[in-house]
>>> print(open('run16.txt').read())   # compact mmCIF, C-alpha atoms
# COMPACT_ATOMS: atom_id res chain seq x y z
CA MET A 55 7.53 -20.26 -28.11
CA PRO A 56 7.02 -19.59 -24.37
CA ARG A 57 5.46 -22.27 -22.23
CA PRO A 58 1.75 -21.60 -21.53
CA VAL A 59 0.97 -20.32 -18.03
CA ARG A 60 -1.21 -22.36 -15.68
CA CYS A 61 -3.98 -20.32 -14.06
CA ARG A 62 -3.33 -19.75 -10.37
CA ARG A 63 -6.08 -20.59 -7.87
CA ILE A 64 -7.25 -17.56 -5.88
CA GLU A 65 -9.24 -18.15 -2.69
CA GLN A 66 -9.70 -14.52 -1.64
CA MET A 67 -9.92 -11.52 -3.94
CA PRO A 68 -8.12 -8.36 -2.77
CA VAL A 69 -10.54 -5.74 -1.49
CA TYR A 70 -7.98 -2.96 -1.21
CA ARG A 71 -6.80 -2.49 -4.78
CA SER A 72 -4.85 0.78 -4.75
CA PHE A 73 -2.20 2.26 -2.42
CA SER A 74 -0.59 5.69 -2.76
CA PRO A 75 1.86 7.70 -0.62
CA ASP A 76 0.15 10.47 1.37
CA ASP A 77 2.93 13.02 1.18
CA ILE A 78 3.31 13.22 -2.62
CA THR A 79 1.24 12.79 -5.74
CA ALA A 80 2.61 9.60 -7.27
CA ALA A 81 3.48 10.12 -10.91
CA GLU A 82 4.21 6.45 -11.62
CA SER A 83 2.41 3.23 -10.79
CA VAL A 84 3.47 -0.31 -10.03
CA ARG A 85 1.04 -3.02 -11.10
CA MET A 86 0.86 -6.13 -8.91
CA THR A 87 -1.18 -9.06 -10.21
CA VAL A 88 -3.85 -10.78 -8.13
CA ASP A 89 -1.84 -14.01 -7.97
CA GLU A 90 1.15 -12.07 -6.63
CA PHE A 91 -1.13 -10.61 -3.97
CA GLU A 92 -2.38 -14.11 -3.14
CA SER A 93 1.17 -15.37 -2.61
CA LEU A 94 1.81 -12.53 -0.14
CA ARG A 95 -1.48 -13.22 1.63
CA LEU A 96 -0.79 -16.93 2.03
CA LEU A 97 2.93 -16.75 2.84
CA ASP A 98 3.14 -13.57 4.93
CA ASP A 99 -0.36 -13.10 6.35
CA GLU A 100 -1.33 -16.74 6.91
CA GLY A 101 2.28 -17.87 7.47
CA LEU A 102 2.16 -20.88 5.15
CA THR A 103 5.21 -22.67 3.83
CA GLN A 104 5.94 -22.38 0.12
CA GLU A 105 4.88 -26.02 -0.32
CA ALA A 106 1.50 -25.34 1.32
CA CYS A 107 1.08 -22.13 -0.64
CA ALA A 108 1.82 -23.95 -3.89
CA ASP A 109 -0.83 -26.54 -3.05
CA ARG A 110 -3.43 -23.87 -2.28
CA MET A 111 -2.68 -21.98 -5.50
CA ASN A 112 -2.46 -25.19 -7.59
CA VAL A 113 1.02 -24.44 -8.95
CA ALA A 114 4.57 -25.75 -8.48
CA ARG A 115 6.65 -24.57 -5.53
CA THR A 116 9.15 -22.99 -7.93
CA THR A 117 6.28 -20.98 -9.42
CA VAL A 118 5.28 -19.74 -5.98
CA THR A 119 8.87 -18.68 -5.35
CA ALA A 120 8.93 -16.67 -8.58
CA ILE A 121 5.53 -15.07 -7.96
CA TYR A 122 6.44 -14.14 -4.39
CA GLU A 123 9.81 -12.65 -5.35
CA SER A 124 8.13 -10.57 -8.06
CA ALA A 125 5.52 -9.30 -5.56
CA ARG A 126 8.19 -8.29 -3.04
CA LYS A 127 10.20 -6.40 -5.67
CA LYS A 128 7.10 -4.47 -6.68
CA ILE A 129 6.35 -3.54 -3.06
CA ALA A 130 9.95 -2.39 -2.63
CA ASP A 131 9.73 -0.32 -5.82
CA ALA A 132 6.53 1.37 -4.61
CA LEU A 133 7.85 2.07 -1.10
CA VAL A 134 11.36 3.20 -2.01
CA HIS A 135 10.44 5.31 -5.02
CA GLY A 136 7.06 6.65 -3.88
CA LYS A 137 5.00 5.00 -6.58
CA ARG A 138 1.33 4.08 -6.55
CA LEU A 139 0.65 0.34 -6.12
CA LEU A 140 -2.25 -1.16 -8.07
CA ILE A 141 -3.48 -4.74 -7.70
CA THR A 142 -5.20 -6.11 -10.78
CA GLY A 143 -4.96 -8.75 -13.50
CA GLY A 144 -2.96 -11.93 -13.63
CA CYS A 145 -3.64 -15.46 -14.80
CA CYS A 146 -6.10 -16.52 -12.09
CA VAL A 147 -9.14 -18.64 -11.40
CA PHE A 148 -11.28 -17.60 -8.45
CA GLU A 149 -12.02 -20.68 -6.31
CA PRO A 150 -12.93 -19.62 -2.77
CA VAL A 151 -12.63 -22.04 0.11
CA LYS A 152 -15.55 -24.23 1.12
CA ILE A 153 -18.27 -23.09 3.50
CA HIS A 154 -18.40 -25.30 6.59
CA GLN A 155 -22.19 -25.33 6.88
CA ASN A 156 -25.00 -26.82 4.90
CA ILE A 157 -26.39 -24.58 2.16
CA MET A 158 -29.76 -25.36 0.61
CA GLU A 159 -29.69 -26.95 -2.83
CA LYS A 160 -30.09 -24.59 -5.76
CA GLY A 161 -32.05 -25.49 -8.86
CA ASN A 162 -30.70 -25.06 -12.38
CA THR A 163 -33.17 -22.26 -13.18
CA THR A 164 -33.11 -20.65 -9.75
CA MET A 165 -31.91 -17.12 -9.04
CA ARG A 166 -30.30 -16.88 -5.60
CA ILE A 167 -30.43 -13.52 -3.82
CA ALA A 168 -28.25 -12.85 -0.79
CA VAL A 169 -29.07 -10.04 1.64
CA THR A 170 -26.81 -8.68 4.39
CA TYR A 171 -28.93 -9.64 7.39
CA ASN A 172 -29.40 -8.51 10.98
CA ASN A 173 -32.61 -9.06 12.99
CA GLY A 174 -34.81 -9.08 9.90
CA GLU A 175 -33.32 -5.91 8.42
CA VAL A 176 -30.85 -5.21 5.62
CA PHE A 177 -27.55 -4.78 7.47
CA GLN A 178 -25.89 -1.53 6.43
CA HIS A 179 -22.17 -2.42 6.46
CA PHE A 180 -21.26 -5.20 4.04
CA GLY A 181 -17.74 -5.74 5.37
CA HIS A 182 -19.02 -6.42 8.90
CA SER A 183 -21.85 -8.75 7.93
CA GLU A 184 -22.15 -11.67 10.34
CA GLN A 185 -25.10 -13.21 8.50
CA PHE A 186 -26.62 -13.35 5.04
CA LYS A 187 -30.15 -14.41 4.25
CA LEU A 188 -30.43 -16.39 1.04
CA TYR A 189 -33.59 -16.34 -1.06
CA ASP A 190 -34.16 -18.69 -4.01
CA VAL A 191 -36.38 -17.22 -6.71
CA GLU A 192 -38.24 -19.02 -9.47
CA ASP A 193 -40.71 -17.36 -11.85
CA GLY A 194 -40.55 -14.14 -9.85
CA LYS A 195 -41.46 -15.78 -6.55
CA ILE A 196 -39.39 -16.72 -3.50
CA VAL A 197 -39.51 -20.49 -3.06
CA ASN A 198 -36.82 -21.08 -0.39
CA GLU A 199 -35.09 -19.09 2.34
CA GLN A 200 -32.09 -19.67 4.61
CA VAL A 201 -30.05 -17.61 7.07
CA VAL A 202 -26.32 -18.43 6.99
CA ASP A 203 -23.46 -17.28 9.22
CA THR A 204 -20.33 -15.77 7.70
CA ASN A 205 -18.21 -17.28 10.51
CA GLY A 206 -16.13 -14.16 10.93
CA SER A 207 -15.19 -13.83 7.26
CA GLY A 208 -13.60 -10.45 6.62
CA HIS A 209 -14.02 -8.09 3.69
CA GLY A 210 -11.83 -10.04 1.33
CA ALA A 211 -13.52 -13.37 2.03
CA LEU A 212 -17.17 -12.29 1.89
CA ALA A 213 -17.32 -12.17 -1.91
CA GLY A 214 -15.84 -15.67 -1.97
CA PHE A 215 -18.34 -16.80 0.65
CA LEU A 216 -21.22 -15.59 -1.54
CA HIS A 217 -19.67 -17.16 -4.63
CA THR A 218 -19.43 -20.51 -2.86
CA ALA A 219 -23.02 -20.11 -1.66
CA LYS A 220 -24.00 -19.76 -5.36
CA ALA A 221 -25.43 -16.27 -4.92
CA ASP A 222 -26.37 -14.50 -8.15
CA ALA A 223 -27.17 -11.13 -6.57
CA LEU A 224 -26.47 -9.23 -3.37
CA ILE A 225 -28.69 -6.68 -1.63
CA CYS A 226 -26.92 -4.54 0.97
CA GLY A 227 -26.60 -1.08 2.47
CA GLY A 228 -23.17 0.54 2.27
CA ILE A 229 -20.27 -1.18 0.54
CA GLY A 230 -16.73 -0.13 -0.33
CA MET A 231 -15.43 0.15 -3.88
CA GLY A 232 -12.95 -2.67 -3.39
CA ALA A 233 -15.70 -4.99 -2.17
CA GLN A 234 -17.77 -4.00 -5.20
CA MET A 235 -14.91 -5.07 -7.45
CA ALA A 236 -14.51 -8.34 -5.56
CA LEU A 237 -18.21 -9.08 -6.13
CA ALA A 238 -17.88 -8.22 -9.80
CA ASP A 239 -14.90 -10.58 -10.05
CA ALA A 240 -17.12 -13.29 -8.55
CA GLY A 241 -19.92 -12.56 -11.05
CA ILE A 242 -22.40 -11.37 -8.40
CA ARG A 243 -24.77 -8.52 -9.29
CA LEU A 244 -24.93 -5.75 -6.69
CA TYR A 245 -27.95 -3.85 -5.38
CA ALA A 246 -26.62 -1.42 -2.78
CA GLY A 247 -28.08 1.43 -0.75
CA VAL A 248 -31.12 -0.60 0.38
CA GLN A 249 -32.67 -0.19 3.82
CA GLY A 250 -35.52 -1.79 5.76
CA SER A 251 -36.93 -5.30 5.76
CA ALA A 252 -34.68 -7.95 4.20
CA ASP A 253 -37.68 -10.06 3.20
CA GLU A 254 -39.36 -7.12 1.48
CA ALA A 255 -36.17 -6.15 -0.34
CA ALA A 256 -35.68 -9.69 -1.67
CA ARG A 257 -39.33 -9.88 -2.71
CA ALA A 258 -39.04 -6.51 -4.49
CA LEU A 259 -35.97 -7.66 -6.42
CA ALA A 260 -37.66 -10.92 -7.37
CA GLU A 261 -40.60 -8.92 -8.73
CA GLY A 262 -38.39 -6.41 -10.53
CA ARG A 263 -39.35 -3.36 -8.44
CA LEU A 264 -36.45 -2.93 -6.01
CA VAL A 265 -35.31 0.66 -5.46
CA TYR A 266 -31.56 0.83 -4.84
CA ASP A 267 -28.62 3.21 -5.14
CA PRO A 268 -25.84 2.06 -7.51
CA ASP A 269 -23.56 4.75 -6.06
CA ALA A 270 -23.95 3.71 -2.41
CA HIS A 271 -20.66 3.10 -0.62
CA CYS A 272 -18.97 3.10 2.76
CA ASP A 273 -16.86 6.26 2.97
CA HIS A 274 -14.11 4.55 4.96
CA HIS A 275 -13.79 1.83 2.33
CA GLY A 276 -13.57 4.04 -0.73
CA HIS A 277 -10.70 2.35 -2.53
CA HIS A 278 -9.95 2.92 -6.16
CA HIS A 279 -9.45 0.12 -8.65
CA ASP A 280 -7.87 0.50 -12.05
CA GLY A 281 -7.53 -2.18 -14.69
CA ASP A 282 -9.83 -4.98 -15.65
CA CYS A 283 -10.70 -8.28 -14.08
CA GLY A 284 -13.13 -10.82 -15.48
CA HIS A 285 -15.88 -12.51 -13.51
CA GLU A 286 -14.43 -15.98 -13.50
CA ASN A 287 -10.83 -15.27 -14.59
CA CYS A 288 -9.01 -12.10 -13.60
CA GLY A 289 -6.42 -12.67 -16.29
CA GLU A 290 -4.46 -10.75 -18.84
CA HIS A 291 -2.86 -13.93 -20.26
CA SER A 292 -3.97 -17.13 -21.90
CA CYS A 293 -4.00 -19.91 -19.29
CA HIS A 294 -3.22 -23.44 -20.36
CA GLY A 295 -0.79 -26.16 -19.46
CA ASN A 296 1.44 -26.26 -16.36
>>> encode(input="run16.txt", output="structure tokens")
Amino acid sequence: MPRPVRCRRIEQMPVYRSFSPDDITAAESVRMTVDEFESLRLLDDEGLTQEACADRMNVARTTVTAIYESARKKIADALVHGKRLLITGGCCVFEPVKIHQNIMEKGNTTMRIAVTYNNGEVFQHFGHSEQFKLYDVEDGKIVNEQVVDTNGSGHGALAGFLHTAKADALICGGIGMGAQMALADAGIRLYAGVQGSADEAARALAEGRLVYDPDAHCDHHGHHHDGDCGHENCGEHSCHGN
């Protein structure tokens, strides 16, 4: 009987989920798991050692080595043989890094709405949001508000930022498909295609009358995502043990 797999800690969900060669129509696909992507992000993009990467992902260093080698072979397969690369699945738990600012306390029965925010308006480009305004709702009424800075978080980190801020819903303007999937992975409901006053939009959602466009997206972020990822766990395997 194979040894159970320990779930790997993921701090940042991939926003860009699908890559294809421009000069041919790829007939075959290579599937990279989210934990394999995370090992590439930490080791190659952030430049961590394998020991540091293992600590961040909550696995053994030998596990990181195996995950990383698997990811590199899949990239080589896609590049050399002209295959489509898909990033999805894996035995993962989404645990974004901490926010280094004070966030207002959230009650047990509170719904927290986040709005992309700029000078009182709903900011129209999710991936470039420098601020969110948080609204806590109880019994259909807004009871607390707070503006928070994203501190330069990029596309891939914004869903994690909102997850850490305990947001239940997001109101925004345009948003790419990959970012939509990252929000879904984080269990955050999306209300896109909204314009105008942020306060009015939050109040409308709290009262159940918000008009939004479920098909709104940013054209330059239209990335396709195949496969399935859960809200808390993006896994295809049972995760127990070490």
>>> atom_distance(input="run16.txt", atom1="atom CA of A:Leu244", atom2="atom CA of A:Ala221")
10.7 Å
>>> atom_distance(input="run16.txt", atom1="atom CA of A:Asn112", atom2="atom CA of A:Asn156")
25.8 Å
>>> closest_residue(input="run16.txt", among="A:Met231, A:Val88, A:Val113, A:Ala106", to="A:Asp269", atoms="only C-alpha atoms")
A:Met231
>>> closest_residue(input="run16.txt", among="A:Thr170, A:Gln200, A:Gln155, A:Thr117", to="A:His182", atoms="all atoms listed in the file")
A:Thr170
>>> closest_residue(input="run16.txt", among="A:Thr218, A:Asn198, A:Thr204, A:Asn173", to="A:Ser251", atoms="all atoms listed in the file")
A:Asn173
>>> atom_distance(input="run16.txt", atom1="atom CA of A:Ala80", atom2="atom CA of A:Ala238")
27.3 Å
>>> closest_residue(input="run16.txt", among="A:Arg62, A:Arg243, A:Arg115, A:Arg126", to="A:Asp89", atoms="all atoms listed in the file")
A:Arg62
>>> closest_residue(input="run16.txt", among="A:Ile225, A:Met67, A:Ala125, A:Leu97", to="A:Phe148", atoms="all atoms listed in the file")
A:Met67
>>> closest_residue(input="run16.txt", among="A:Val69, A:Ala114, A:Ala108, A:Ala252", to="A:Leu140", atoms="all atoms listed in the file")
A:Val69
>>> residues_around(input="run16.txt", residues="A:Glu149", least_positions_apart="5", cutoff="12 Å", atoms="all atoms listed in the file", output="PDB file with C-alpha atoms, in the frame of the given file")
ATOM      1  CA  CYS A  61      -3.980 -20.320 -14.060  1.00  0.00           C
ATOM      2  CA  ARG A  62      -3.330 -19.750 -10.370  1.00  0.00           C
ATOM      3  CA  ARG A  63      -6.080 -20.590  -7.870  1.00  0.00           C
ATOM      4  CA  ILE A  64      -7.250 -17.560  -5.880  1.00  0.00           C
ATOM      5  CA  GLU A  65      -9.240 -18.150  -2.690  1.00  0.00           C
ATOM      6  CA  GLN A  66      -9.700 -14.520  -1.640  1.00  0.00           C
ATOM      7  CA  MET A  67      -9.920 -11.520  -3.940  1.00  0.00           C
ATOM      8  CA  ARG A 110      -3.430 -23.870  -2.280  1.00  0.00           C
ATOM      9  CA  MET A 111      -2.680 -21.980  -5.500  1.00  0.00           C
ATOM     10  CA  ASN A 112      -2.460 -25.190  -7.590  1.00  0.00           C
ATOM     11  CA  ALA A 211     -13.520 -13.370   2.030  1.00  0.00           C
ATOM     12  CA  ALA A 213     -17.320 -12.170  -1.910  1.00  0.00           C
ATOM     13  CA  GLY A 214     -15.840 -15.670  -1.970  1.00  0.00           C
ATOM     14  CA  PHE A 215     -18.340 -16.800   0.650  1.00  0.00           C
ATOM     15  CA  LEU A 216     -21.220 -15.590  -1.540  1.00  0.00           C
ATOM     16  CA  HIS A 217     -19.670 -17.160  -4.630  1.00  0.00           C
ATOM     17  CA  THR A 218     -19.430 -20.510  -2.860  1.00  0.00           C
ATOM     18  CA  ALA A 219     -23.020 -20.110  -1.660  1.00  0.00           C
ATOM     19  CA  ASP A 239     -14.900 -10.580 -10.050  1.00  0.00           C
ATOM     20  CA  ALA A 240     -17.120 -13.290  -8.550  1.00  0.00           C
ATOM     21  CA  HIS A 285     -15.880 -12.510 -13.510  1.00  0.00           C
ATOM     22  CA  GLU A 286     -14.430 -15.980 -13.500  1.00  0.00           C
ATOM     23  CA  ASN A 287     -10.830 -15.270 -14.590  1.00  0.00           C
ATOM     24  CA  CYS A 288      -9.010 -12.100 -13.600  1.00  0.00           C
TER      25      CYS A 288
END
>>> build_atoms(input="run16.txt", residues="stretch 217-235 of chain A", atoms="N, CA and C atoms", output="PDB file, keeping the file's coordinate frame")
ATOM      1  N   HIS A 217     -19.905 -16.379  -3.418  1.00  0.00           N
ATOM      2  CA  HIS A 217     -19.670 -17.160  -4.630  1.00  0.00           C
ATOM      3  C   HIS A 217     -19.851 -18.643  -4.349  1.00  0.00           C
ATOM      4  N   THR A 218     -19.290 -19.103  -3.235  1.00  0.00           N
ATOM      5  CA  THR A 218     -19.430 -20.510  -2.860  1.00  0.00           C
ATOM      6  C   THR A 218     -20.873 -20.856  -2.542  1.00  0.00           C
ATOM      7  N   ALA A 219     -21.610 -19.896  -1.978  1.00  0.00           N
ATOM      8  CA  ALA A 219     -23.020 -20.110  -1.660  1.00  0.00           C
ATOM      9  C   ALA A 219     -23.912 -20.020  -2.899  1.00  0.00           C
ATOM     10  N   LYS A 220     -23.307 -19.809  -4.066  1.00  0.00           N
ATOM     11  CA  LYS A 220     -24.000 -19.760  -5.360  1.00  0.00           C
ATOM     12  C   LYS A 220     -24.965 -18.588  -5.459  1.00  0.00           C
ATOM     13  N   ALA A 221     -24.601 -17.460  -4.827  1.00  0.00           N
ATOM     14  CA  ALA A 221     -25.430 -16.270  -4.920  1.00  0.00           C
ATOM     15  C   ALA A 221     -25.269 -15.634  -6.299  1.00  0.00           C
ATOM     16  N   ASP A 222     -26.393 -15.208  -6.867  1.00  0.00           N
ATOM     17  CA  ASP A 222     -26.370 -14.500  -8.150  1.00  0.00           C
ATOM     18  C   ASP A 222     -26.436 -12.994  -7.964  1.00  0.00           C
ATOM     19  N   ALA A 223     -26.991 -12.557  -6.829  1.00  0.00           N
ATOM     20  CA  ALA A 223     -27.170 -11.130  -6.570  1.00  0.00           C
ATOM     21  C   ALA A 223     -27.027 -10.871  -5.088  1.00  0.00           C
ATOM     22  N   LEU A 224     -26.593  -9.657  -4.758  1.00  0.00           N
ATOM     23  CA  LEU A 224     -26.470  -9.230  -3.370  1.00  0.00           C
ATOM     24  C   LEU A 224     -27.234  -7.944  -3.157  1.00  0.00           C
ATOM     25  N   ILE A 225     -28.043  -7.897  -2.095  1.00  0.00           N
ATOM     26  CA  ILE A 225     -28.690  -6.680  -1.630  1.00  0.00           C
ATOM     27  C   ILE A 225     -28.011  -6.265  -0.336  1.00  0.00           C
ATOM     28  N   CYS A 226     -27.607  -5.000  -0.239  1.00  0.00           N
ATOM     29  CA  CYS A 226     -26.920  -4.540   0.970  1.00  0.00           C
ATOM     30  C   CYS A 226     -27.150  -3.047   1.150  1.00  0.00           C
ATOM     31  N   GLY A 227     -26.581  -2.518   2.239  1.00  0.00           N
ATOM     32  CA  GLY A 227     -26.600  -1.080   2.470  1.00  0.00           C
ATOM     33  C   GLY A 227     -25.355  -0.474   1.875  1.00  0.00           C
ATOM     34  N   GLY A 228     -24.419  -0.032   2.740  1.00  0.00           N
ATOM     35  CA  GLY A 228     -23.170   0.540   2.270  1.00  0.00           C
ATOM     36  C   GLY A 228     -22.151  -0.530   1.938  1.00  0.00           C
ATOM     37  N   ILE A 229     -21.296  -0.221   0.952  1.00  0.00           N
ATOM     38  CA  ILE A 229     -20.270  -1.180   0.540  1.00  0.00           C
ATOM     39  C   ILE A 229     -19.124  -0.415  -0.102  1.00  0.00           C
ATOM     40  N   GLY A 230     -17.896  -0.800   0.212  1.00  0.00           N
ATOM     41  CA  GLY A 230     -16.730  -0.130  -0.330  1.00  0.00           C
ATOM     42  C   GLY A 230     -16.478  -0.492  -1.783  1.00  0.00           C
ATOM     43  N   MET A 231     -15.708   0.370  -2.471  1.00  0.00           N
ATOM     44  CA  MET A 231     -15.430   0.150  -3.880  1.00  0.00           C
ATOM     45  C   MET A 231     -14.656  -1.147  -4.108  1.00  0.00           C
ATOM     46  N   GLY A 232     -13.702  -1.430  -3.230  1.00  0.00           N
ATOM     47  CA  GLY A 232     -12.950  -2.670  -3.390  1.00  0.00           C
ATOM     48  C   GLY A 232     -13.826  -3.894  -3.285  1.00  0.00           C
ATOM     49  N   ALA A 233     -14.771  -3.875  -2.321  1.00  0.00           N
ATOM     50  CA  ALA A 233     -15.700  -4.990  -2.170  1.00  0.00           C
ATOM     51  C   ALA A 233     -16.603  -5.101  -3.397  1.00  0.00           C
ATOM     52  N   GLN A 234     -16.977  -3.966  -3.972  1.00  0.00           N
ATOM     53  CA  GLN A 234     -17.770  -4.000  -5.200  1.00  0.00           C
ATOM     54  C   GLN A 234     -17.015  -4.703  -6.315  1.00  0.00           C
ATOM     55  N   MET A 235     -15.708  -4.422  -6.423  1.00  0.00           N
ATOM     56  CA  MET A 235     -14.910  -5.070  -7.450  1.00  0.00           C
ATOM     57  C   MET A 235     -14.761  -6.559  -7.183  1.00  0.00           C
TER      58      MET A 235
END
